[in-house]
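Asker: Take this structure first; my questions come after.
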Amino acid sequence: MAKPAYDGVMTWLETSTENCTVQRTLDLIGEKWSLLVLRDAMNGVRRFDDFRRHVGLSEAVLADRLRKLVAAGVLETVPYREAGHRTRHEYRLTGKGWELWPVMIALKQWGDRYTADAEGPPLEVLHRDCGAPVEAVVVCTGDHEPLTPRQARTRPGSAAHTL
């Protein structure tokens, strides 16, 4: 069988992953504790002690993850002070942080399907107006129906480098 003619487009295996945005994203939020902190932040947790108690990690690890997420602009600190106590900071999602919400919904959706207890998922995310379950889908910007992986293709982007 003849080898297909080279059309001038790099294949995936010819493309360097040194500037891969998936890898960079995982470097930032891909660690288990970071994702669990983001999960809790998306569900209204804001204070250090509440994260520590609910997520169940050490103060040192939590402080490190919060510091990293703040430095990346995913969380921001907002001062608060309870009567008789020193000023402390809450951690709130930024717009950049909230853009991770569909990712968390997709992870939850997969987990509900493949890792939930026999009784079902421990948490439901519902549309506020109609009460229907929320799900993550992939669509194209050409206003088509949701896509399957076979309906999509990849190609090198403007920042692609060859090996």
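Quick note on naming: the chains in the structure tokens go A, B, ... in the order shown, residues restart at 1 in each chain, and ligands are numbered from 1 in order of appearance.
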If we count only C-alpha atoms, what is near Leu93 in chain A at a cut-off of 7 Å, once residues fewer than 2 positions away on the same chain are taken out, given as an mmCIF file with C-alpha atoms, in the first residue's frame?

Answerer:
```cif
data_model
loop_
_atom_site.group_PDB
_atom_site.id
_atom_site.type_symbol
_atom_site.label_atom_id
_atom_site.label_comp_id
_atom_site.auth_asym_id
_atom_site.auth_seq_id
_atom_site.Cartn_x
_atom_site.Cartn_y
_atom_site.Cartn_z
ATOM 1 C CA ALA A 41 -14.966 26.950 45.942
ATOM 2 C CA VAL A 74 -7.947 31.461 39.473
ATOM 3 C CA LEU A 75 -8.805 32.544 43.027
ATOM 4 C CA GLU A 76 -8.581 35.940 44.666
ATOM 5 C CA TYR A 91 -10.803 32.793 48.733
ATOM 6 C CA GLY A 95 -13.840 34.977 36.236
ATOM 7 C CA GLY A 97 -11.673 30.388 37.901
ATOM 8 C CA TRP A 98 -15.352 30.186 37.000
#
```

Asker: Counting only C-alpha atoms, which residues in range 60-140 of chain A sit no more than 12 Å from range 26-38 of chain A? For each one, give the nearest pair of atoms and the distance in Å, sorted by chain then residue number, as CSV.

Answerer:
```
residue,atom,partner,partner_atom,distance
A:Ala60,CA,A:Trp33,CA,11.8
A:Val61,CA,A:Trp33,CA,8.2
A:Leu62,CA,A:Trp33,CA,7.7
A:Ala63,CA,A:Ser34,CA,10.7
A:Asp64,CA,A:Ser34,CA,9.5
A:Arg65,CA,A:Ser34,CA,5.8
A:Leu66,CA,A:Ser34,CA,7.9
A:Arg67,CA,A:Ser34,CA,10.5
A:Lys68,CA,A:Leu28,CA,7.6
A:Leu69,CA,A:Leu28,CA,7.5
A:Val70,CA,A:Leu28,CA,10.8
A:Ala71,CA,A:Leu28,CA,10.1
A:Ala72,CA,A:Leu28,CA,7.7
A:Gly73,CA,A:Leu28,CA,10.7
A:Val74,CA,A:Leu38,CA,8.9
A:Leu75,CA,A:Leu38,CA,8.8
A:Tyr91,CA,A:Val37,CA,10.0
A:Arg92,CA,A:Leu38,CA,9.7
A:Leu93,CA,A:Leu38,CA,8.1
A:Thr94,CA,A:Leu38,CA,11.1
A:Lys96,CA,A:Leu38,CA,11.8
A:Gly97,CA,A:Leu38,CA,8.0
A:Trp98,CA,A:Leu38,CA,9.2
A:Glu99,CA,A:Leu38,CA,11.3
A:Leu100,CA,A:Leu38,CA,8.6
A:Trp101,CA,A:Leu38,CA,9.0
A:Val103,CA,A:Leu35,CA,10.2
A:Met104,CA,A:Leu35,CA,8.3
A:Ile105,CA,A:Leu38,CA,11.8
A:Leu107,CA,A:Leu35,CA,10.1
A:Lys108,CA,A:Leu35,CA,11.5
```

Asker: Considering only C-alpha atoms, state which residue in the set A:Glu82, A:Gln109, A:Gln151, A:Thr162 is at the smallest distance from Pro133 in chain A.

Answerer: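 Result for the nearest residue to Pro133 in chain A: A:Gln109.
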
Asker: Enumerate the residues of range 40-161 of chain A with a DSSP assignment of strand (DSSP E or B), computed from the backbone, and present them as a VMD selection string.

Answerer: chain A and resid 47 75 to 80 88 to 93 117 120 126 133

Asker: Taking the DSSP secondary structure from the backbone, can you list the residues of chain A that are alpha helix (DSSP H), as a PyMOL selection string?

Answerer: chain A and resi 21-29+32-42+48-51+59-71+95-98+101-114

Asker: Which value, in Å to one decimal, gives the distance between CA of Pro79 in chain A and CA of Gly56 in chain A?

Answerer: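 A separation of 23.5 Å between them.
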
Asker: Name the closest residue to Glu14 in chain A among the candidates A:Arg155, A:Asp40, A:Asp49, A:Gly111; distances are taken between atoms, counting only C-alpha atoms.

Answerer: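 Closest to Glu14 in chain A, using only C-alpha atoms: A:Arg155.
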
Asker: Compile the contact shell of Thr148 in chain A as number ranges by chain: residues with an atom at most 12 Å away, counting only C-alpha atoms, same-chain residues fewer than 6 positions apart removed.

Answerer: A: 137-140

Asker: Put those residues in a file: C-alpha atoms, as a JSON list (two decimals), in the first residue's frame.

Answerer:
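Result file follows (result38.json):
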```
[["chain", "number", "residue", "atom", "x", "y", "z"],
["A", 137, "VAL", "CA", -21.41, 18.76, 26.01],
["A", 138, "VAL", "CA", -19.05, 19.63, 23.19],
["A", 139, "VAL", "CA", -20.44, 21.84, 20.44],
["A", 140, "CYS", "CA", -18.90, 23.66, 17.53]]
```
